[in-house]
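Engineer: For reference, the file data_17.cif (mmCIF, C-alpha atoms) is included below:
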```
data_upload
#
loop_
_atom_site.label_atom_id
_atom_site.label_comp_id
_atom_site.auth_asym_id
_atom_site.auth_seq_id
_atom_site.Cartn_x
_atom_site.Cartn_y
_atom_site.Cartn_z
CA MET A 160 10.51 -34.37 -150.70
CA SER A 161 9.73 -37.70 -152.39
CA THR A 162 12.33 -39.18 -154.70
CA GLN A 163 11.71 -40.28 -158.24
CA PRO A 164 12.17 -43.92 -159.22
CA LEU A 165 15.22 -44.97 -161.16
CA PRO A 166 14.66 -44.16 -164.85
CA LEU A 167 14.78 -47.74 -166.14
CA GLU A 168 12.51 -49.35 -163.55
CA GLY A 169 10.04 -51.58 -165.43
CA ILE A 170 12.50 -52.21 -168.29
CA THR A 171 13.57 -55.82 -168.81
CA VAL A 172 16.87 -56.63 -170.50
CA VAL A 173 17.88 -60.09 -171.69
CA ALA A 174 21.56 -60.52 -172.47
CA VAL A 175 23.56 -63.34 -174.02
CA GLU A 176 26.89 -61.87 -173.14
CA GLN A 177 30.47 -62.58 -172.19
CA ALA A 178 33.75 -60.84 -171.30
CA VAL A 179 33.44 -57.03 -170.92
CA SER A 180 31.78 -55.10 -173.75
CA ALA A 181 28.20 -56.37 -173.43
CA PRO A 182 28.31 -57.10 -169.66
CA PHE A 183 29.58 -53.61 -168.86
CA ALA A 184 26.86 -52.08 -171.05
CA THR A 185 24.08 -54.05 -169.38
CA ARG A 186 25.48 -53.36 -165.92
CA GLN A 187 24.90 -49.66 -166.60
CA LEU A 188 21.28 -50.50 -167.41
CA ALA A 189 20.95 -52.52 -164.19
CA ASP A 190 22.42 -49.65 -162.17
CA LEU A 191 19.64 -47.41 -163.54
CA GLY A 192 16.93 -49.83 -162.43
CA ALA A 193 16.45 -52.24 -165.33
CA ARG A 194 15.94 -55.92 -164.67
CA VAL A 195 18.83 -57.66 -166.46
CA VAL A 196 18.59 -61.39 -167.13
CA LYS A 197 22.04 -62.69 -167.99
CA VAL A 198 21.90 -65.93 -169.98
CA GLU A 199 25.07 -68.01 -169.51
CA ARG A 200 26.51 -71.31 -170.67
CA LEU A 201 26.14 -74.28 -168.37
CA ASP A 202 29.84 -75.18 -168.50
CA GLY A 203 31.33 -72.33 -166.51
CA GLY A 204 29.08 -69.53 -167.70
CA ASP A 205 30.48 -66.23 -168.91
CA PHE A 206 34.17 -67.04 -169.45
CA ALA A 207 35.11 -63.85 -167.59
CA ARG A 208 34.16 -65.76 -164.43
CA GLY A 209 37.45 -67.60 -164.85
CA TYR A 210 39.82 -64.72 -165.62
CA ASP A 211 41.24 -64.56 -162.09
CA THR A 212 40.31 -65.07 -158.43
CA ALA A 213 41.37 -61.64 -157.14
CA ALA A 214 37.99 -60.62 -155.67
CA ARG A 215 38.06 -63.00 -152.71
CA GLY A 216 37.87 -65.96 -155.06
CA LEU A 217 35.74 -64.31 -157.76
CA ALA A 218 37.07 -62.80 -160.98
CA SER A 219 37.63 -59.05 -160.77
CA HIS A 220 36.34 -58.45 -164.32
CA PHE A 221 33.15 -60.37 -163.56
CA VAL A 222 32.49 -58.57 -160.27
CA TRP A 223 33.00 -55.22 -161.98
CA CYS A 224 30.67 -55.87 -164.92
CA ASN A 225 27.87 -58.06 -163.57
CA ARG A 226 26.38 -56.77 -160.34
CA GLY A 227 22.62 -56.41 -160.16
CA LYS A 228 21.86 -59.14 -162.71
CA GLU A 229 19.96 -62.41 -162.64
CA SER A 230 21.93 -65.40 -163.93
CA VAL A 231 20.06 -68.00 -165.96
CA ALA A 232 22.11 -70.96 -167.21
CA LEU A 233 20.82 -72.46 -170.50
CA ASP A 234 22.13 -74.75 -173.21
CA LEU A 235 21.24 -72.77 -176.32
CA LYS A 236 22.35 -75.63 -178.56
CA ASP A 237 19.40 -77.64 -177.25
CA PRO A 238 16.14 -76.59 -178.94
CA ARG A 239 14.45 -76.51 -175.54
CA GLY A 240 17.03 -74.09 -174.16
CA LEU A 241 16.74 -71.87 -177.23
CA ALA A 242 12.94 -71.94 -176.92
CA ILE A 243 13.21 -70.75 -173.31
CA LEU A 244 15.43 -67.88 -174.40
CA ARG A 245 12.94 -66.91 -177.10
CA ARG A 246 10.19 -66.78 -174.48
CA LEU A 247 12.35 -64.49 -172.35
CA VAL A 248 13.06 -62.22 -175.32
CA ALA A 249 9.36 -62.04 -176.22
CA ASP A 250 8.66 -60.35 -172.90
CA ALA A 251 11.78 -58.15 -172.90
CA ASP A 252 12.31 -54.52 -173.81
CA VAL A 253 15.98 -54.89 -174.70
CA PHE A 254 18.16 -57.74 -175.95
CA VAL A 255 21.96 -57.51 -176.02
CA GLN A 256 24.45 -60.02 -177.42
CA ASN A 257 28.16 -60.10 -178.14
CA LEU A 258 28.61 -63.66 -179.35
CA ALA A 259 31.24 -64.43 -181.97
CA GLN A 260 30.35 -62.91 -185.33
CA GLY A 261 27.67 -65.01 -187.06
CA ALA A 262 26.78 -67.11 -184.01
CA ALA A 263 23.74 -65.05 -183.08
CA ALA A 264 22.43 -65.07 -186.64
CA ARG A 265 22.71 -68.87 -186.79
CA LEU A 266 20.50 -69.04 -183.70
CA GLY A 267 18.09 -66.42 -185.01
CA LEU A 268 19.20 -64.04 -182.25
CA ASP A 269 20.66 -61.25 -184.36
CA ALA A 270 19.13 -57.82 -183.89
CA ALA A 271 17.47 -57.61 -187.31
CA THR A 272 15.72 -60.96 -186.94
CA LEU A 273 14.52 -60.29 -183.41
CA CYS A 274 13.28 -56.78 -184.16
CA ALA A 275 11.34 -58.05 -187.17
CA ALA A 276 9.54 -60.49 -184.86
CA HIS A 277 9.17 -58.04 -181.97
CA PRO A 278 8.72 -54.46 -183.26
CA ARG A 279 8.96 -52.86 -179.79
CA LEU A 280 12.20 -54.64 -178.93
CA VAL A 281 15.51 -52.79 -178.85
CA ALA A 282 18.12 -55.38 -179.90
CA VAL A 283 21.86 -54.75 -179.77
CA ASP A 284 24.59 -56.56 -181.68
CA ILE A 285 28.10 -55.87 -180.36
CA SER A 286 30.98 -57.17 -182.46
CA GLY A 287 34.64 -56.49 -183.01
CA TYR A 288 34.50 -55.08 -186.52
CA GLY A 289 30.85 -54.88 -187.59
CA ALA A 290 28.58 -57.12 -189.63
CA GLY A 291 30.20 -56.46 -193.03
CA GLY A 292 33.57 -55.79 -194.56
CA PRO A 293 36.73 -57.89 -194.79
CA TYR A 294 37.24 -57.95 -191.00
CA ALA A 295 33.71 -59.04 -190.09
CA HIS A 296 34.75 -62.53 -188.97
CA LYS A 297 38.18 -61.61 -187.60
CA ARG A 298 38.64 -62.50 -183.93
CA ALA A 299 38.40 -59.38 -181.81
CA TYR A 300 39.72 -59.17 -178.28
CA ASP A 301 40.34 -55.87 -176.58
CA MET A 302 44.10 -55.66 -177.11
CA LEU A 303 43.78 -56.74 -180.74
CA VAL A 304 41.29 -53.94 -181.39
CA GLN A 305 43.51 -51.44 -179.54
CA CYS A 306 46.17 -52.35 -182.11
CA GLU A 307 43.85 -52.22 -185.13
CA ALA A 308 42.38 -48.88 -184.01
CA GLY A 309 45.82 -47.32 -183.64
CA LEU A 310 45.49 -46.62 -179.92
CA VAL A 311 48.80 -48.29 -179.10
CA SER A 312 50.56 -46.15 -181.72
CA VAL A 313 49.87 -43.02 -179.64
CA THR A 314 50.29 -44.62 -176.20
CA GLY A 315 53.71 -45.07 -174.67
CA THR A 316 57.13 -43.51 -175.08
CA PRO A 317 59.04 -42.51 -178.22
CA GLU A 318 60.92 -45.80 -177.95
CA ARG A 319 58.03 -48.17 -177.32
CA ALA A 320 54.29 -48.36 -178.00
CA VAL A 321 52.15 -49.84 -175.23
CA LYS A 322 48.55 -50.85 -174.77
CA ALA A 323 46.20 -48.90 -172.54
CA GLY A 324 46.13 -50.20 -168.97
CA ILE A 325 42.37 -50.76 -169.12
CA PRO A 326 40.29 -52.62 -171.76
CA ALA A 327 39.66 -49.43 -173.71
CA ALA A 328 38.07 -51.04 -176.78
CA ASP A 329 35.67 -53.06 -174.66
CA ILE A 330 34.74 -50.05 -172.56
CA ALA A 331 34.24 -47.81 -175.61
CA ALA A 332 31.90 -50.37 -177.19
CA ALA A 333 30.06 -50.85 -173.89
CA MET A 334 29.40 -47.16 -173.41
CA TYR A 335 28.14 -46.70 -176.98
CA ALA A 336 25.90 -49.74 -176.53
CA PHE A 337 24.58 -48.26 -173.28
CA SER A 338 23.87 -44.86 -174.84
CA GLY A 339 22.48 -46.52 -177.97
CA VAL A 340 19.96 -48.46 -175.89
CA LEU A 341 18.89 -45.30 -174.06
CA ALA A 342 18.48 -43.42 -177.34
CA ALA A 343 16.45 -46.28 -178.86
CA LEU A 344 14.21 -46.43 -175.79
CA VAL A 345 13.56 -42.70 -176.06
CA ARG A 346 12.66 -43.15 -179.74
CA ARG A 347 10.38 -46.06 -178.84
CA GLY A 348 8.62 -43.78 -176.39
CA THR A 349 7.63 -41.47 -179.24
CA THR A 350 7.17 -43.94 -182.12
CA GLY A 351 6.22 -47.16 -180.35
CA ARG A 352 8.96 -49.06 -182.19
CA GLY A 353 12.33 -50.27 -180.98
CA GLY A 354 14.82 -51.41 -183.56
CA PRO A 355 18.30 -52.83 -184.03
CA VAL A 356 21.44 -51.19 -182.63
CA GLU A 357 24.85 -52.17 -184.01
CA ILE A 358 28.08 -51.46 -182.15
CA SER A 359 31.58 -52.21 -183.44
CA MET A 360 34.53 -52.17 -181.05
CA LEU A 361 36.79 -50.84 -183.83
CA GLU A 362 34.42 -48.01 -184.71
CA ALA A 363 33.88 -47.11 -181.05
CA LEU A 364 37.59 -46.89 -180.32
CA ALA A 365 38.35 -45.13 -183.60
CA GLU A 366 35.91 -42.42 -182.52
CA TRP A 367 37.81 -42.06 -179.24
CA LEU A 368 40.98 -41.58 -181.28
CA GLY A 369 39.50 -38.32 -182.55
CA HIS A 370 42.33 -35.92 -181.72
CA PRO A 371 45.22 -38.04 -183.06
CA LEU A 372 43.13 -39.00 -186.08
CA HIS A 373 42.28 -35.40 -187.03
CA HIS A 374 45.84 -34.33 -186.26
CA MET A 375 47.13 -36.85 -188.79
CA MET A 376 44.42 -36.44 -191.44
CA HIS A 377 44.47 -32.65 -191.51
CA GLY A 378 47.97 -31.88 -190.21
CA GLY A 379 49.73 -34.53 -192.25
CA THR A 380 51.86 -36.01 -189.49
CA GLU A 381 51.40 -38.86 -187.03
CA PRO A 382 51.19 -37.63 -183.42
CA ALA A 383 54.31 -38.55 -181.49
CA ARG A 384 54.29 -40.87 -178.50
CA THR A 385 55.44 -38.67 -175.67
CA GLY A 386 54.89 -40.65 -172.46
CA PHE A 387 53.30 -38.32 -169.92
CA ALA A 388 53.95 -35.28 -172.12
CA HIS A 389 51.25 -33.77 -174.30
CA ALA A 390 52.04 -33.87 -177.99
CA VAL A 391 51.06 -30.24 -178.75
CA ILE A 392 51.04 -28.43 -175.37
CA ALA A 393 54.03 -27.55 -173.17
CA PRO A 394 54.61 -27.74 -170.33
CA TYR A 395 52.14 -30.59 -169.88
CA ASP A 396 54.11 -33.44 -168.33
CA ALA A 397 55.08 -35.23 -165.12
CA TYR A 398 58.11 -34.03 -163.20
CA ASP A 399 60.15 -35.60 -160.40
CA THR A 400 59.99 -34.13 -156.91
CA ALA A 401 62.49 -34.04 -154.05
CA ASP A 402 60.86 -36.91 -152.16
CA GLY A 403 60.92 -39.36 -155.08
CA GLY A 404 57.35 -38.59 -156.18
CA GLN A 405 56.02 -37.10 -159.37
CA VAL A 406 53.61 -34.28 -160.09
CA LEU A 407 51.92 -33.66 -163.43
CA LEU A 408 51.13 -30.09 -164.38
CA SER A 409 49.37 -28.53 -167.33
CA VAL A 410 49.77 -25.01 -168.70
CA GLN A 411 46.90 -24.35 -171.09
CA ASN A 412 47.62 -20.77 -172.14
CA ASP A 413 50.28 -18.09 -172.02
CA ARG A 414 48.73 -16.30 -169.02
CA GLU A 415 49.20 -19.49 -167.02
CA TRP A 416 52.79 -19.76 -168.25
CA ARG A 417 53.45 -16.26 -166.90
CA ARG A 418 52.09 -17.22 -163.49
CA LEU A 419 54.11 -20.44 -163.49
CA ALA A 420 57.31 -18.58 -164.41
CA GLU A 421 56.82 -15.86 -161.83
CA LEU A 422 55.33 -17.74 -158.87
CA VAL A 423 56.66 -21.31 -159.12
CA LEU A 424 59.76 -21.31 -161.29
CA GLU A 425 60.78 -17.91 -159.81
CA ARG A 426 62.14 -16.97 -163.21
CA PRO A 427 59.87 -14.11 -164.37
CA GLU A 428 62.09 -13.40 -167.37
CA LEU A 429 60.82 -16.61 -169.02
CA ALA A 430 57.34 -15.11 -169.34
CA ASP A 431 58.53 -12.76 -172.10
CA ASP A 432 61.41 -14.80 -173.50
CA PRO A 433 60.56 -15.41 -177.21
CA ASP A 434 61.65 -19.05 -176.82
CA PHE A 435 58.99 -19.63 -174.16
CA ALA A 436 56.39 -16.86 -174.28
CA THR A 437 53.89 -18.76 -176.47
CA ASN A 438 52.78 -22.38 -176.47
CA ALA A 439 54.12 -22.87 -180.00
CA ALA A 440 57.52 -21.60 -178.86
CA ARG A 441 57.50 -23.78 -175.74
CA VAL A 442 56.69 -26.85 -177.81
CA ALA A 443 59.45 -25.96 -180.27
CA HIS A 444 61.84 -25.59 -177.32
CA ARG A 445 60.36 -28.41 -175.26
CA THR A 446 63.71 -29.54 -173.85
CA GLY A 447 64.43 -26.10 -172.38
CA THR A 448 60.85 -25.75 -171.14
CA ASP A 449 60.97 -29.09 -169.37
CA GLU A 450 64.40 -28.41 -167.90
CA ALA A 451 63.21 -25.14 -166.37
CA VAL A 452 60.13 -26.75 -164.82
CA ALA A 453 61.98 -29.87 -163.65
CA ARG A 454 64.72 -27.82 -161.98
CA ALA A 455 62.17 -25.81 -160.01
CA LEU A 456 59.96 -28.71 -158.89
CA ALA A 457 62.91 -30.88 -157.88
CA ARG A 458 63.48 -28.55 -154.91
CA PHE A 459 60.18 -29.52 -153.24
CA THR A 460 58.28 -32.58 -152.12
CA ALA A 461 55.29 -33.68 -154.17
CA ALA A 462 52.90 -32.22 -151.58
CA GLU A 463 54.77 -28.91 -151.58
CA CYS A 464 54.72 -28.80 -155.38
CA VAL A 465 50.97 -29.32 -155.47
CA THR A 466 50.48 -26.56 -152.87
CA ARG A 467 52.63 -24.09 -154.80
CA LEU A 468 51.09 -24.93 -158.17
CA GLU A 469 47.54 -24.66 -156.87
CA ALA A 470 48.35 -21.32 -155.21
CA ALA A 471 49.54 -20.10 -158.62
CA GLY A 472 46.38 -21.37 -160.33
CA ILE A 473 48.21 -24.06 -162.30
CA ALA A 474 46.36 -27.33 -162.95
CA CYS A 475 48.22 -30.25 -161.41
CA ALA A 476 47.84 -33.80 -160.10
CA ARG A 477 49.73 -36.41 -158.15
CA ILE A 478 50.64 -39.58 -160.06
CA ASN A 479 48.48 -41.98 -158.06
CA THR A 480 48.64 -45.75 -157.91
CA VAL A 481 45.49 -47.88 -158.09
CA ALA A 482 45.78 -48.29 -154.31
CA ASP A 483 45.81 -44.48 -154.00
CA VAL A 484 42.59 -44.30 -155.97
CA ALA A 485 40.95 -46.82 -153.67
CA ALA A 486 41.79 -44.48 -150.79
CA HIS A 487 41.24 -41.22 -152.69
CA PRO A 488 40.04 -38.46 -150.34
CA GLN A 489 37.69 -36.98 -152.95
CA LEU A 490 35.87 -40.27 -153.47
CA ALA A 491 35.65 -40.72 -149.71
CA ALA A 492 34.41 -37.17 -149.12
CA ARG A 493 31.68 -37.60 -151.73
CA GLU A 494 30.71 -40.98 -150.23
CA ARG A 495 31.09 -42.83 -153.53
CA TRP A 496 31.83 -46.26 -152.05
CA ARG A 497 29.19 -48.91 -151.36
CA GLU A 498 29.17 -52.63 -150.63
CA VAL A 499 27.74 -55.08 -153.14
CA ALA A 500 26.59 -58.56 -152.16
CA SER A 501 28.18 -61.56 -153.84
CA PRO A 502 28.49 -65.33 -153.39
CA VAL A 503 31.61 -64.68 -151.28
CA GLY A 504 30.14 -61.88 -149.18
CA PRO A 505 30.13 -58.08 -149.45
CA LEU A 506 32.53 -56.49 -151.92
CA ARG A 507 33.46 -52.82 -152.11
CA ALA A 508 32.37 -51.02 -155.29
CA LEU A 509 32.03 -47.49 -156.60
CA LEU A 510 28.68 -45.86 -157.18
CA PRO A 511 28.19 -45.36 -160.93
CA PRO A 512 29.24 -41.89 -162.10
CA ILE A 513 25.75 -40.93 -163.31
CA THR A 514 24.14 -39.12 -160.37
CA LEU A 515 20.46 -38.31 -160.90
CA GLY A 516 19.35 -35.56 -158.56
CA GLY A 517 16.04 -36.24 -156.84
CA SER A 518 16.13 -39.91 -157.84
CA GLN A 519 16.68 -43.04 -155.86
CA GLU A 520 20.30 -44.08 -155.53
CA ALA A 521 21.63 -46.34 -158.26
CA TYR A 522 20.68 -49.97 -157.88
CA MET A 523 23.80 -51.91 -157.01
CA GLY A 524 22.51 -55.45 -156.71
CA ALA A 525 24.39 -58.62 -155.96
CA VAL A 526 26.93 -60.31 -158.20
CA PRO A 527 25.11 -63.53 -159.19
CA ALA A 528 26.32 -67.09 -158.92
CA LEU A 529 26.09 -69.09 -162.15
CA GLY A 530 22.48 -70.15 -162.69
CA GLU A 531 21.36 -68.63 -159.39
CA HIS A 532 18.09 -67.38 -160.88
CA THR A 533 17.34 -70.10 -163.42
CA CYS A 534 14.52 -71.81 -161.55
CA ALA A 535 12.84 -68.62 -160.35
CA THR A 536 12.95 -67.12 -163.85
CA LEU A 537 11.56 -70.23 -165.50
CA ARG A 538 8.82 -70.62 -162.89
CA ALA A 539 7.79 -67.06 -163.75
CA LEU A 540 7.37 -68.30 -167.34
CA GLY A 541 4.89 -70.89 -166.02
CA MET A 542 7.14 -73.94 -165.87
CA THR A 543 6.43 -76.55 -163.21
CA ASP A 544 8.91 -78.17 -160.85
CA GLU A 545 8.56 -81.39 -162.85
CA GLN A 546 9.49 -79.62 -166.09
CA LEU A 547 12.45 -77.95 -164.40
CA ALA A 548 13.65 -81.26 -163.01
CA GLU A 549 13.48 -82.82 -166.48
CA LEU A 550 15.42 -79.95 -168.06
CA ARG A 551 18.06 -80.13 -165.36
CA ARG A 552 18.34 -83.91 -165.74
CA ASP A 553 18.82 -83.52 -169.50
CA GLY A 554 21.48 -80.84 -169.07
CA VAL A 555 19.42 -78.05 -170.61
CA ILE A 556 19.46 -75.79 -167.53
CA ALA A 557 21.57 -75.38 -164.42
#
```
Mind converting the file's structure to structure tokens?
Structural biologist:
Amino acid sequence: MSTQPLPLEGITVVAVEQAVSAPFATRQLADLGARVVKVERLDGGDFARGYDTAARGLASHFVWCNRGKESVALDLKDPRGLAILRRLVADADVFVQNLAQGAAARLGLDAATLCAAHPRLVAVDISGYGAGGPYAHKRAYDMLVQCEAGLVSVTGTPERAVKAGIPAADIAAAMYAFSGVLAALVRRGTTGRGGPVEISMLEALAEWLGHPLHHMMHGGTEPARTGFAHAVIAPYDAYDTADGGQVLLSVQNDREWRRLAELVLERPELADDPDFATNAARVAHRTGTDEAVARALARFTAAECVTRLEAAGIACARINTVADVAAHPQLAARERWREVASPVGPLRALLPPITLGGSQEAYMGAVPALGEHTCATLRALGMTDEQLAELRRDGVIA
């Protein structure tokens, strides 16, 4: 049976992007077959290239967010560099930028301006706080937005708030930008017109705060920080095991609590005890609930706990390290790992989580060197070697 092409084959994306939010969004588009032209500064390019050297000399953030793209290095402060970018945008289907608020508009690269000139273009503005309002020009890095969006207030222990261990605000904005582009392309397919897409990191992360936000607005109280524990479900927490490990388990209803009490805790009387028989009662008596579970699980190794819990039909998980995830048997069994080319050789990477049945496998192209595709891209615009040499001599391209 023949396979279908990737859904975005034939789509060209031009991106003036940096850090995580826009690059991660456009990487999703590249994975689905789009040609992504990444326009970078001459002096070091996307500053995420310099975050660390963990990926065999390359920055781990950059490797993660930029495979499958073509790097074109331009000086956009030079009118000739900006003119080249405008020519690229004129032939593109999608334009994405996450420059500092106001910078794109000063260059005439904001979504509204570009879409007015190119009605079929889908143009995306990603910012920290949106185009208007008192925070419009406030600096917005991931951890700052995690704080402004209240994420840190619900993450951590009762004693201390902590940030998420991943750039949650950047990722939230990236995924809404990705889905926004797909939605706008579908609309263009029926109307013939693209249009501007605006994404705010604050608004994206505030949407992800849905449960705590509704809990506070409609329940009247701020959700407590409870570490591993769930704020409104018990038992739903991590417990120590005999071999020094931890296992997290989740009881979602009172039938599961009965099975846990009878088959794992070996205390069937707790199933009908009014202090524990319902979730509301278990939450109200959380200390006693946790003590009963902890006492039972502490008799077994982590592996034995998982076996017993799964036999009882109780949802559970080991508390894995990042190294454990890299060696996770489920990812290995489903053959989710691939190698991606890069300037330092092949690098291991996960297949994207969108699996399209009957389609070609996701495109996982090379991580580009800075300016690797400048000359080829500009030659495709009709520029001669003499013109390229002049631009390079004048510091307009690299």
Engineer: Can you tell me how far atom CA of A:Gly204 sits from atom CA of A:Leu233, in Å to one decimal?
Structural biologist: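 Spanning atom CA of A:Gly204 to atom CA of A:Leu233 is a straight-line distance of 9.2 Å.
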Engineer: Please measure the separation of atom CA of A:Asp402 and atom CA of A:Asn479, giving the value in Å to one decimal.
Structural biologist: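 Computing the Euclidean distance for atom CA of A:Asp402 and atom CA of A:Asn479 yields 14.6 Å.
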Engineer: Which residues fall under the PyMOL selection byres ((chain A and resi 258-264) around 10) in this file, as a PDB file with C-alpha atoms, keeping the file's coordinate frame?
Structural biologist:
```pdb
ATOM      1  CA  VAL A 175      23.560 -63.340-174.020  1.00  0.00           C
ATOM      2  CA  GLU A 176      26.890 -61.870-173.140  1.00  0.00           C
ATOM      3  CA  GLN A 177      30.470 -62.580-172.190  1.00  0.00           C
ATOM      4  CA  ALA A 178      33.750 -60.840-171.300  1.00  0.00           C
ATOM      5  CA  ALA A 181      28.200 -56.370-173.430  1.00  0.00           C
ATOM      6  CA  VAL A 255      21.960 -57.510-176.020  1.00  0.00           C
ATOM      7  CA  GLN A 256      24.450 -60.020-177.420  1.00  0.00           C
ATOM      8  CA  ASN A 257      28.160 -60.100-178.140  1.00  0.00           C
ATOM      9  CA  ARG A 265      22.710 -68.870-186.790  1.00  0.00           C
ATOM     10  CA  LEU A 266      20.500 -69.040-183.700  1.00  0.00           C
ATOM     11  CA  GLY A 267      18.090 -66.420-185.010  1.00  0.00           C
ATOM     12  CA  LEU A 268      19.200 -64.040-182.250  1.00  0.00           C
ATOM     13  CA  ASP A 269      20.660 -61.250-184.360  1.00  0.00           C
ATOM     14  CA  ALA A 270      19.130 -57.820-183.890  1.00  0.00           C
ATOM     15  CA  ALA A 271      17.470 -57.610-187.310  1.00  0.00           C
ATOM     16  CA  THR A 272      15.720 -60.960-186.940  1.00  0.00           C
ATOM     17  CA  LEU A 273      14.520 -60.290-183.410  1.00  0.00           C
ATOM     18  CA  ASP A 284      24.590 -56.560-181.680  1.00  0.00           C
ATOM     19  CA  ILE A 285      28.100 -55.870-180.360  1.00  0.00           C
ATOM     20  CA  SER A 286      30.980 -57.170-182.460  1.00  0.00           C
ATOM     21  CA  GLY A 287      34.640 -56.490-183.010  1.00  0.00           C
ATOM     22  CA  TYR A 288      34.500 -55.080-186.520  1.00  0.00           C
ATOM     23  CA  GLY A 289      30.850 -54.880-187.590  1.00  0.00           C
ATOM     24  CA  ALA A 290      28.580 -57.120-189.630  1.00  0.00           C
ATOM     25  CA  ALA A 295      33.710 -59.040-190.090  1.00  0.00           C
ATOM     26  CA  HIS A 296      34.750 -62.530-188.970  1.00  0.00           C
ATOM     27  CA  LYS A 297      38.180 -61.610-187.600  1.00  0.00           C
ATOM     28  CA  ARG A 298      38.640 -62.500-183.930  1.00  0.00           C
ATOM     29  CA  ALA A 299      38.400 -59.380-181.810  1.00  0.00           C
TER      30      ALA A 299
END
```
Engineer: Could you work out how far atom CA of A:Ile330 lies from atom CA of A:Glu381, giving the answer in Å with one decimal?
Structural biologist: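 Interatomic distance, atom CA of A:Glu381 to atom CA of A:Ile330: 24.7 Å.
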Engineer: Quick one: everything within 8 Å of stretch 447-449 of chain A, counting only C-alpha atoms, minus sequence neighbours fewer than 6 positions away in the same chain. Send it as a list of chain:residue names.
Structural biologist: A:Ala393, A:Pro394, A:Phe435, A:Arg441
Engineer: Please check which residues have atoms at most 9 Å from (37.2, -61.9, -166.6) in the file's coordinates, counting all atoms listed in the file, and write them as a PyMOL selection string.
Structural biologist: chain A and resi 177-179+205-211+218-222
Engineer: What's around A:Leu424 at 9 Å? Count all atoms listed in the file, leave out sequence neighbours fewer than 6 positions away in its own chain, and write the answer as a PyMOL selection string.
Structural biologist: chain A and resi 418+451-452+454-456
Engineer: Counting only C-alpha atoms, select every polymer residue within 12 Å of (51.7, -27.7, -155.2) as defined in the file's coordinates, and provide the selection as number ranges by chain.
Structural biologist: A: 400, 405-408, 419, 422-424, 455-477
Engineer: Check what the PyMOL selection byres ((chain A and resi 194) around 9) selects in the file above and give those residues as a PyMOL selection string.
Structural biologist: chain A and resi 167-173+188-189+192-193+195-196+227-229
